[in-house]
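Engineer: I have a structure here, written as structure tokens, and I will follow up with some questions on it.
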Amino acid sequence: MEDTSFAIPVTPKQIAYARSLALKNQTLLPWEAQQDRRALSS
């Protein structure tokens with residue numbers, strides 16, 4: 001089974017939640033994480 005490297009788009013709700021966590025933790029949310037669902041989860 002091959003690991004494909006295409007980005008899965010994030011949903012607006014996922015972005016909103018990630019931004020709220022980043023704000024709460026006083027960290028930046030990397031641009032790459034905002035573009036890929038798997039990167040955002042990690």
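Following the order of the structure tokens, chains are lettered A, B, ..., residues in each are numbered from 1, and ligands are numbered from 1.
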List the spatial neighbours of Ala18 of chain A as an MDAnalysis selection string - criterion: any atom at most 8 Å away, only C-alpha atoms, same-chain residues fewer than 3 positions off excluded.
Structural biologist: chainID A and resid 14:15 21:22 29 40
Engineer: Kindly save the residues from that selection, with C-alpha atoms included, as an mmCIF file, in the first residue's frame.
Structural biologist:
data_model
loop_
_atom_site.group_PDB
_atom_site.id
_atom_site.type_symbol
_atom_site.label_atom_id
_atom_site.label_comp_id
_atom_site.auth_asym_id
_atom_site.auth_seq_id
_atom_site.Cartn_x
_atom_site.Cartn_y
_atom_site.Cartn_z
ATOM 1 C CA GLN A 14 -11.638 22.325 11.934
ATOM 2 C CA ILE A 15 -9.844 25.602 11.206
ATOM 3 C CA LEU A 21 -6.576 26.125 20.500
ATOM 4 C CA ALA A 22 -3.622 28.059 19.098
ATOM 5 C CA LEU A 29 -0.935 27.851 13.594
ATOM 6 C CA LEU A 40 -3.804 19.884 11.222
#
Engineer: So which residues of chain A fall under alpha helix (DSSP H) by DSSP, listed as a ChimeraX atom specification?
Structural biologist: /A:12-24,31-35,37-41
Engineer: So how many Å separate atom CA of Arg38 of chain A and atom CA of Ile8 of chain A, to one decimal?
Structural biologist: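 Those two atoms sit 7.2 Å apart.
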Engineer: For Ser42 of chain A, list every protein, DNA or RNA residue within 12 Å, evaluated using only C-alpha atoms, and leave out those in the same chain fewer than 3 positions away; present the list as a ChimeraX atom specification.
Structural biologist: /A:18,29-30,32-34,36-39
Engineer: Next, write the just-selected residues to a file, as a CSV table (one decimal), in the first residue's frame, keeping C-alpha atoms as the atom set.
Structural biologist:
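Just written: again.csv:
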chain,number,residue,atom,x,y,z
A,18,ALA,CA,-7.5,24.8,15.6
A,29,LEU,CA,-0.9,27.9,13.6
A,30,PRO,CA,1.4,27.0,10.7
A,32,GLU,CA,0.9,24.1,6.1
A,33,ALA,CA,-1.3,22.8,8.9
A,34,GLN,CA,-4.2,24.9,7.7
A,36,ASP,CA,-4.0,19.7,5.1
A,37,ARG,CA,-6.3,17.8,7.4
A,38,ARG,CA,-3.7,15.3,8.4
A,39,ALA,CA,-1.2,18.0,9.2
